[in-house]
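Notes follow once the structure below has been shown.
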Amino acid sequence: MCCANVLEFTVDQPKISADVLLSAMEQAIDPMVVIDEHNRIIFFNAAAERIWGLPRAQVMGQNVSCLVPQTDRALHDSYIDRNRETGVGRIVGTSREVEFRRANGEYVCGELSISRVQVGEAGRIYYIAVMKDVTEQSRQRRILILQNEVLQSLASDVTLQEVGDQLCRRVDSFVPGGVAALLMFDGAHKVSVTSSPGMPNRYRTALDSMQLTPEQMDALRSDPASSNTVVWDGYSSLARSLGLERCCSSAIISRKGQVMGVFALYLRDDEPSLAWPERVVSTCMPFCALAIEQNQTRQHIAQLSNFDSLTGLLNRTSLHNVIERLIMRGGDSQFSLFMVDIDRFRDINDALGHVNADRFLIEIGRRIRALVNDEYIVSRSGGDEFIIVVPDCSHRRAEQFAENLINSIAKPLQVGENTLSISCCVGISTFPENGPDSESLLSLADAAARQAKEDGRGLYRFAGHEKNQVAQERLMLGSALRDSLARGMLKLHYQPQVETMTGGLYGVEALSRWHHPTLGNIYPSRFIAVAEDTGQIEAIGRWSLQEACRQMVKWDRDGVHVPTVAVNLSAVHFRNRALPEYIANLLKHHNLTPDRLTVEITESVMMDNSSDTEEVLYAIRRLDVGLSMDDFGTGYSSLSRLTRLPLTEIKIDRSFINDFEHDTNAQAVTMAVIGIGSRLGMTVVTEGVETEQQWRLLEELHCDVMQGYLFAKPLPPEELEKWFRERQERGSFLIPTKV
């Protein structure tokens with residue numbers, strides 16, 4: 001390998017003298033400051049003089065803390081010393097935005113970069129700071145932030161108060177020592193401070209007591225900038241006593257030229273220049289106008305949505321809300337609801353026309369209002385239907401009021417050239433006797449009004465008439481159940497299932513329980529039937545699955561290992577092809593293996609021959625979730641169908657066990673079912689075990705699992721945990737419990 005000749009070239013590097021460097025630094029357009037090893041300023045160029053507003057002679061040789069904001073001066077040396085020792089710092093080697101005051105008091109925003117320089121053999125450490133004036137860029141960025149935040153708030157469903165508070169807080173952060181305020185005028189030109197989180201209470205009270213004259217309003221309309229005469233000139237002495245030195249403000253003018261309020265920015269410092277505060281105020285003014293106009297529009301919409309446009313009474317939606325608020329008061333809250341139904345209104349409408357029919361309804365509303373006190377609630381919920389809610393109304397008082405309603409409405413009424421004879425029927429429901437919510441009370445009052453109409457004209461009836469009692473109770477329970485489910489008032493109790501031969505815990509069955517604060521304890525047989533009739537059974541089933549999985553996770557965390565939880569589902573669930581996916585996602589979410597869950601089906605599911613049901617059952621088994629045939633033997637179970645379904649478990653109904661000790665037929669059937677289950681590879685669970693003799697007979701028949709009051713009644717989760725620990729300590733779950 002040949003070696004090439006290497007030619008060496010030398011390039012003369014120009015030498016830069018200290019004078020050249022100092023001259024370049026002096027003439028740099030960006031402020032530059034250099035400090036020595038004692039933190040003293042040894043260089044301060046002309047640009048630095050301009051940005052700080054300090055002459056060089058005043059700062060040279062001084063500690064650099066004289067240039068930093070007042071709040072940081074005491075600890076500034078310690079920050080530098082730490083960097084000298086460790087080389088670690090939050091600022092050195094980085095660039096950051098800082099705010100400080102010029103000598104004249106004006107705020108400046110700069111972008112500061114600091115470099116650490118080690119000089120000479122002694123390794124003395126100097127620092128070079130370069131500052132760039134970014135005041136205008138920072139202010140422009142802040143205005144954009146303000147605009148974006150306010151526009152986002154206006155686009156969302158937030159109140160004027162919330163928008164105003166957000167705007168004022170942001171402005172306060174933009175202007176050091178600033179106190180922003182949004183003031184509004186009502187129809188009588190009275191001032192109210194809508195938003196001002198930082199305003200002293202005494203000053204707020206003073207402004208809140210102000211009322212403008214028509215002349216002042218005209219002046220603001222013609223010159224919005226004259227608003228200081230309203231929010232400052234008469235109150236400046238009080239303001240200064242509270243630390244507020246100056247004020248910038250502008251009247252808020254709507255697109256139609258209406259004076260809606262004032263946006264003001266009070267300053268705690270005597271600013272040398274008001275350019276930035278005035279710019280902030282002018283930026284905020286149109287947003288304030290937009291927010292107030294949007295609030296007025298919402299109020300108008302709310303008025304339209306809450307009140308009947310014809311009579312001015314509450315509409316049905318608002319009535320529901322008012323009734324719910326009365327119910328939520330709790331304590332001894334009670335009231336009566338009167339539903340007034342005008343007789344033959346359709347005939348009146350057809351005979352007189354819509355215009356006269358509207359006048360008729362307006363007069364009926366006026367007559368009802370003339371009867372009621374201020375605390376009564378009056379609504380027209382549609383057509384010829386009027387509703388009155390009377391607080392603290394006894395039965396006797398309800399009768400008197402209903403008679404007064406009927407008599408008042410029955411007076412002849414002149415509409416145009418026609419004199420009408422009117423009658424009405426009144427249905428009455430009461431809280432809490434007739435229902436836990438507005439829907440129940442209204443429905444029951446409506447049913448009572450229909451009953452009154454059937455019995456004759458000009459009558460009233462109370463809810464609870466025997467003819468409607470069953471339907472009303474079902475309606476009331478359905479409504480109460482819907483509300484309870486939404487508010488988490490249903491609970492699951494768990495009844496243990498014990499392995500007959502080993503004494504181990506096989507699992508638990510989850511059973512729904514409902515205690516209503518007004519209706520008390522409601523038996524599952526009662527509310528499950530109502531849930532099926534009212535279409536709520538699917539929601540209850542999904543809730544039961546969710547709650548059972550959540551509880552298993554909690555038990556596992558607390559060291560209570562329940563092998564599996566069985567959850568009852570209605571036939572409706574198994575017609576929903578999405579059920580297997582729902583169960584799979586639920587188990588995945590709770591990180592539970594499929595064998596921890598068993599789904600119990602009824603014989604009605606078993607007898608359902610639809611392809612959807614069968615496909616759903618097989619899909620659940622493919623997940624490795626258990627499938628149990630509940631209450632086997634009570635209906636028309638088909639053994640051939642039993643062999644075709646992917647069941648893992650059969651539950652013998654408690655009706656076979658009731659007289660099990662003495663009924664040889666029951667023993668024979670039980671033995672047959674146990675044998676069938678064993679041959680089909682299914683676990684057999686016997687429900688309703690209540691005596692030790694039943695236990696011993698089932699043990700002789702080699703029943704797999706027993707469940708019943710002999711071992712435990714259905715228990716709340718915390719009581720089941722206690723039951724579990726007691727029996728775990730004794731080494732067996734086959735321990736009779738005194739019932």
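Following the order of the structure tokens, first chain is A, next is B, and so on, with residues numbered from 1 inside each chain and ligands from 1 in the order they appear.
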Need the shell around Ser440 of chain A: protein/DNA/RNA residues with any atom at most 8 Å away, counting only C-alpha atoms. Skip same-chain ones fewer than 4 positions apart. Format as a short mmCIF file (atom, residue, chain, number, x, y, z; two decimals) with N, CA and C atoms, in the first residue's frame?
data_model
loop_
_atom_site.label_atom_id
_atom_site.label_comp_id
_atom_site.auth_asym_id
_atom_site.auth_seq_id
_atom_site.Cartn_x
_atom_site.Cartn_y
_atom_site.Cartn_z
N ASN A 434 -98.97 9.19 46.57
CA ASN A 434 -99.26 8.68 45.23
C ASN A 434 -98.05 8.58 44.31
N GLY A 435 -96.87 8.66 44.86
CA GLY A 435 -95.74 8.44 43.95
C GLY A 435 -94.50 9.20 44.34
N PRO A 436 -93.38 8.68 43.91
CA PRO A 436 -92.11 9.28 44.30
C PRO A 436 -91.59 10.32 43.33
N LEU A 444 -101.09 9.76 37.63
CA LEU A 444 -102.17 9.35 38.53
C LEU A 444 -103.26 10.41 38.62
N LEU A 475 -97.88 1.75 37.35
CA LEU A 475 -97.31 2.95 36.75
C LEU A 475 -96.38 3.65 37.74
N MET A 476 -96.83 3.77 38.98
CA MET A 476 -96.03 4.44 40.00
C MET A 476 -94.72 3.68 40.25
N SER A 479 -92.22 4.09 37.32
CA SER A 479 -91.56 5.39 37.34
C SER A 479 -90.53 5.46 38.46
N ALA A 480 -90.92 4.96 39.64
CA ALA A 480 -89.98 4.96 40.77
C ALA A 480 -88.78 4.08 40.49
#
Extract the full set of alpha helix (DSSP H) residues from segment 83-293 of chain A according to DSSP on the backbone, and format it as a PyMOL selection string. chain A and resi 83-86+135-155+160-174+201-208+214-222+228-231+236-241+275-293
Nearest residue to Val134 of chain A from the set A:Arg96, A:Cys549, A:Met489, A:Asp308 (distances using only C-alpha atoms): A:Arg96
Shell around segment 232-238 of chain A at 10 Å using only C-alpha atoms, local window under 6 positions removed, as a ChimeraX atom specification: /A:202-203,206-207,244-249,264,266
Just the number, please: distance in Å from atom CA of Phe345 of chain A to atom CA of Glu403 of chain A, one decimal.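 Going from atom CA of Phe345 of chain A over to atom CA of Glu403 of chain A, I get 19.9 Å.
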Have a look at A:Asp81, A:Asp186, A:Glu614, A:Glu600 and name the one nearest to Arg575 of chain A; count only C-alpha atoms.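 Looking at the shortest contact to Arg575 of chain A, the residue is A:Glu614.
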Compare A:Glu37, A:Glu690, A:Asp19, A:Glu581 by their minimum atom-to-atom distance to Ala122 of chain A, counting only C-alpha atoms, and give me the closest one.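 Ranking A:Glu37, A:Glu690, A:Asp19, A:Glu581 by distance to Ala122 of chain A, first place goes to A:Glu37.
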Write out as a ChimeraX atom specification all residues of segment 178-329 of chain A that backbone DSSP assigns to strand (DSSP E or B). /A:178-185,190-195,211,246-253,259-267,307,314
Would you put the residues from that selection into a file with N, CA, C and O atoms, as a tab-separated table (two decimals), in the first residue's frame?
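File written: selection-v5.tsv
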chain	number	residue	atom	x	y	z
A	178	GLY	N	-53.61	44.56	37.84
A	178	GLY	CA	-54.90	44.90	37.26
A	178	GLY	C	-56.05	44.21	37.97
A	178	GLY	O	-55.91	43.11	38.48
A	179	VAL	N	-57.21	44.86	37.99
A	179	VAL	CA	-58.45	44.30	38.54
A	179	VAL	C	-59.55	44.55	37.50
A	179	VAL	O	-60.06	45.67	37.38
A	180	ALA	N	-59.87	43.53	36.72
A	180	ALA	CA	-60.87	43.67	35.67
A	180	ALA	C	-62.27	43.48	36.23
A	180	ALA	O	-62.46	42.73	37.20
A	181	ALA	N	-63.25	44.15	35.61
A	181	ALA	CA	-64.63	44.05	36.09
A	181	ALA	C	-65.59	44.16	34.91
A	181	ALA	O	-65.42	45.00	34.03
A	182	LEU	N	-66.59	43.26	34.91
A	182	LEU	CA	-67.68	43.33	33.94
A	182	LEU	C	-68.93	43.79	34.69
A	182	LEU	O	-69.41	43.12	35.60
A	183	LEU	N	-69.43	44.98	34.29
A	183	LEU	CA	-70.61	45.56	34.92
A	183	LEU	C	-71.75	45.55	33.91
A	183	LEU	O	-71.54	45.79	32.71
A	184	MET	N	-72.96	45.25	34.38
A	184	MET	CA	-74.13	45.22	33.50
A	184	MET	C	-75.20	46.16	34.01
A	184	MET	O	-75.29	46.44	35.21
A	185	PHE	N	-76.05	46.65	33.06
A	185	PHE	CA	-77.17	47.51	33.41
A	185	PHE	C	-78.46	46.74	33.18
A	185	PHE	O	-78.60	46.04	32.17
A	190	LYS	N	-79.94	50.21	36.40
A	190	LYS	CA	-79.23	49.94	37.65
A	190	LYS	C	-78.00	49.10	37.34
A	190	LYS	O	-78.04	48.18	36.53
A	191	VAL	N	-76.89	49.42	38.01
A	191	VAL	CA	-75.61	48.74	37.77
A	191	VAL	C	-75.49	47.52	38.67
A	191	VAL	O	-75.87	47.56	39.85
A	192	SER	N	-74.95	46.43	38.11
A	192	SER	CA	-74.58	45.27	38.93
A	192	SER	C	-73.24	44.76	38.44
A	192	SER	O	-72.98	44.71	37.23
A	193	VAL	N	-72.38	44.40	39.40
A	193	VAL	CA	-71.06	43.86	39.06
A	193	VAL	C	-71.25	42.37	38.77
A	193	VAL	O	-71.38	41.56	39.69
A	194	THR	N	-71.27	42.02	37.50
A	194	THR	CA	-71.49	40.62	37.11
A	194	THR	C	-70.29	39.76	37.42
A	194	THR	O	-70.41	38.65	37.94
A	195	SER	N	-69.09	40.26	37.10
A	195	SER	CA	-67.86	39.50	37.33
A	195	SER	C	-66.73	40.45	37.69
A	195	SER	O	-66.54	41.47	37.03
A	211	GLN	N	-77.30	53.82	40.08
A	211	GLN	CA	-78.34	53.80	39.06
A	211	GLN	C	-78.11	54.98	38.13
A	211	GLN	O	-78.03	56.12	38.56
A	246	ARG	N	-55.86	53.90	39.20
A	246	ARG	CA	-56.36	54.45	37.93
A	246	ARG	C	-57.37	53.48	37.33
A	246	ARG	O	-57.51	52.34	37.79
A	247	CYS	N	-58.03	53.93	36.28
A	247	CYS	CA	-59.05	53.09	35.65
A	247	CYS	C	-59.10	53.35	34.15
A	247	CYS	O	-59.03	54.51	33.71
A	248	CYS	N	-59.18	52.26	33.38
A	248	CYS	CA	-59.48	52.33	31.95
A	248	CYS	C	-60.79	51.59	31.74
A	248	CYS	O	-60.99	50.51	32.30
A	249	SER	N	-61.69	52.12	30.94
A	249	SER	CA	-62.97	51.45	30.77
A	249	SER	C	-63.59	51.80	29.43
A	249	SER	O	-63.14	52.73	28.74
A	250	SER	N	-64.62	51.04	29.09
A	250	SER	CA	-65.37	51.31	27.87
A	250	SER	C	-66.80	50.81	28.06
A	250	SER	O	-67.02	49.76	28.67
A	251	ALA	N	-67.76	51.59	27.56
A	251	ALA	CA	-69.14	51.13	27.56
A	251	ALA	C	-69.28	49.96	26.59
A	251	ALA	O	-68.58	49.89	25.57
A	252	ILE	N	-70.16	49.03	26.93
A	252	ILE	CA	-70.40	47.86	26.07
A	252	ILE	C	-71.67	48.15	25.27
A	252	ILE	O	-72.76	48.30	25.84
A	253	ILE	N	-71.52	48.22	23.96
A	253	ILE	CA	-72.63	48.60	23.08
A	253	ILE	C	-73.02	47.40	22.24
A	253	ILE	O	-72.17	46.73	21.64
A	259	VAL	N	-76.85	50.32	25.12
A	259	VAL	CA	-75.80	50.29	26.14
A	259	VAL	C	-76.14	49.18	27.13
A	259	VAL	O	-77.14	49.25	27.85
A	260	MET	N	-75.28	48.14	27.18
A	260	MET	CA	-75.57	46.97	28.00
A	260	MET	C	-74.77	46.93	29.29
A	260	MET	O	-75.14	46.24	30.24
A	261	GLY	N	-73.64	47.66	29.33
A	261	GLY	CA	-72.82	47.62	30.54
A	261	GLY	C	-71.50	48.32	30.30
A	261	GLY	O	-71.33	49.10	29.35
A	262	VAL	N	-70.53	48.04	31.16
A	262	VAL	CA	-69.20	48.64	31.07
A	262	VAL	C	-68.17	47.56	31.39
A	262	VAL	O	-68.38	46.74	32.29
A	263	PHE	N	-67.08	47.54	30.62
A	263	PHE	CA	-65.93	46.72	31.01
A	263	PHE	C	-64.85	47.66	31.51
A	263	PHE	O	-64.43	48.59	30.80
A	264	ALA	N	-64.40	47.44	32.74
A	264	ALA	CA	-63.43	48.33	33.39
A	264	ALA	C	-62.20	47.56	33.82
A	264	ALA	O	-62.30	46.39	34.21
A	265	LEU	N	-61.07	48.24	33.75
A	265	LEU	CA	-59.80	47.66	34.24
A	265	LEU	C	-59.18	48.66	35.21
A	265	LEU	O	-58.71	49.73	34.81
A	266	TYR	N	-59.22	48.31	36.48
A	266	TYR	CA	-58.64	49.14	37.53
A	266	TYR	C	-57.18	48.74	37.73
A	266	TYR	O	-56.83	47.56	37.64
A	267	LEU	N	-56.33	49.74	38.01
A	267	LEU	CA	-54.88	49.50	38.12
A	267	LEU	C	-54.42	49.86	39.52
A	267	LEU	O	-54.73	50.95	40.03
A	307	PHE	N	-92.35	28.52	29.43
A	307	PHE	CA	-93.69	29.05	29.66
A	307	PHE	C	-94.58	28.83	28.44
A	307	PHE	O	-94.12	28.84	27.30
A	314	LEU	N	-96.56	28.23	33.39
A	314	LEU	CA	-95.50	27.25	33.17
A	314	LEU	C	-95.98	26.17	32.19
A	314	LEU	O	-97.15	25.78	32.22
Residues within 12 Å of segment 672-675 of chain A, only C-alpha atoms, excluding chain neighbours under 4 positions, as an mmCIF file with C-alpha atoms, in the first residue's frame:
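So part02.cif came out as:
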data_model
loop_
_atom_site.group_PDB
_atom_site.id
_atom_site.type_symbol
_atom_site.label_atom_id
_atom_site.label_comp_id
_atom_site.auth_asym_id
_atom_site.auth_seq_id
_atom_site.Cartn_x
_atom_site.Cartn_y
_atom_site.Cartn_z
ATOM 1 C CA MET A 629 -80.796 -23.484 34.185
ATOM 2 C CA ASP A 631 -85.734 -23.103 38.814
ATOM 3 C CA PHE A 632 -85.591 -26.372 36.895
ATOM 4 C CA GLY A 633 -88.794 -28.409 37.125
ATOM 5 C CA SER A 637 -88.832 -28.105 30.711
ATOM 6 C CA LEU A 639 -85.349 -33.044 28.499
ATOM 7 C CA LEU A 642 -81.926 -29.712 27.950
ATOM 8 C CA GLU A 649 -75.444 -26.153 35.639
ATOM 9 C CA ILE A 650 -78.998 -27.109 36.694
ATOM 10 C CA LYS A 651 -80.702 -25.524 39.712
ATOM 11 C CA ILE A 652 -83.458 -27.549 41.373
ATOM 12 C CA ASP A 653 -86.259 -25.228 42.434
ATOM 13 C CA PHE A 656 -89.085 -29.560 45.580
ATOM 14 C CA ASN A 665 -91.991 -38.099 45.218
ATOM 15 C CA ALA A 666 -89.916 -34.959 45.679
ATOM 16 C CA GLN A 667 -86.961 -37.115 46.680
ATOM 17 C CA ALA A 668 -87.405 -39.277 43.577
ATOM 18 C CA ARG A 679 -74.631 -37.881 33.136
ATOM 19 C CA LEU A 680 -74.734 -34.673 31.095
ATOM 20 C CA GLY A 681 -71.652 -33.333 32.888
ATOM 21 C CA MET A 682 -73.582 -30.524 34.601
ATOM 22 C CA THR A 683 -73.302 -29.296 38.163
ATOM 23 C CA VAL A 684 -76.557 -29.662 40.129
ATOM 24 C CA VAL A 685 -77.437 -26.926 42.623
ATOM 25 C CA THR A 686 -80.344 -27.339 45.028
ATOM 26 C CA LEU A 698 -79.027 -34.289 49.577
ATOM 27 C CA GLU A 699 -75.624 -35.468 50.736
ATOM 28 C CA GLU A 700 -76.811 -39.084 50.405
ATOM 29 C CA LEU A 701 -78.098 -38.307 46.871
ATOM 30 C CA HIS A 702 -74.677 -36.832 45.974
ATOM 31 C CA CYS A 703 -76.069 -33.407 45.126
ATOM 32 C CA ASP A 704 -73.141 -31.230 44.019
ATOM 33 C CA VAL A 705 -74.031 -27.860 45.565
#
Within 12 Å of segment 153-155 of chain A, counting only C-alpha atoms, which residues qualify if same-chain residues fewer than 5 places away don't, as a PyMOL selection string? chain A and resi 146-148+160-167+287-295+298
Would you mind listing what lies within 10 Å of Arg142 of chain A as a VMD selection string, with only C-alpha atoms counted and same-chain residues fewer than 6 positions away left out? chain A and resid 136 148 170 to 171 173 to 174 280
Long-range neighbours of Gly503 of chain A as an mmCIF file with N, CA, C and O atoms, in the first residue's frame, 8 Å cut-off, only C-alpha atoms, 5 positions minimum in chain:
data_model
loop_
_atom_site.group_PDB
_atom_site.id
_atom_site.type_symbol
_atom_site.label_atom_id
_atom_site.label_comp_id
_atom_site.auth_asym_id
_atom_site.auth_seq_id
_atom_site.Cartn_x
_atom_site.Cartn_y
_atom_site.Cartn_z
ATOM 1 N N VAL A 498 -72.709 -23.744 48.536
ATOM 2 C CA VAL A 498 -71.675 -24.533 49.220
ATOM 3 C C VAL A 498 -71.578 -25.924 48.589
ATOM 4 O O VAL A 498 -72.598 -26.570 48.305
ATOM 5 N N SER A 732 -64.483 -24.778 56.973
ATOM 6 C CA SER A 732 -65.580 -25.329 56.167
ATOM 7 C C SER A 732 -66.684 -24.291 56.060
ATOM 8 O O SER A 732 -66.924 -23.506 56.983
ATOM 9 N N PHE A 733 -67.352 -24.314 54.893
ATOM 10 C CA PHE A 733 -68.499 -23.442 54.701
ATOM 11 C C PHE A 733 -69.812 -24.175 54.968
ATOM 12 O O PHE A 733 -70.875 -23.575 54.914
ATOM 13 N N LEU A 734 -69.731 -25.481 55.256
ATOM 14 C CA LEU A 734 -70.918 -26.276 55.573
ATOM 15 C C LEU A 734 -71.232 -26.169 57.057
ATOM 16 O O LEU A 734 -71.179 -27.134 57.810
#
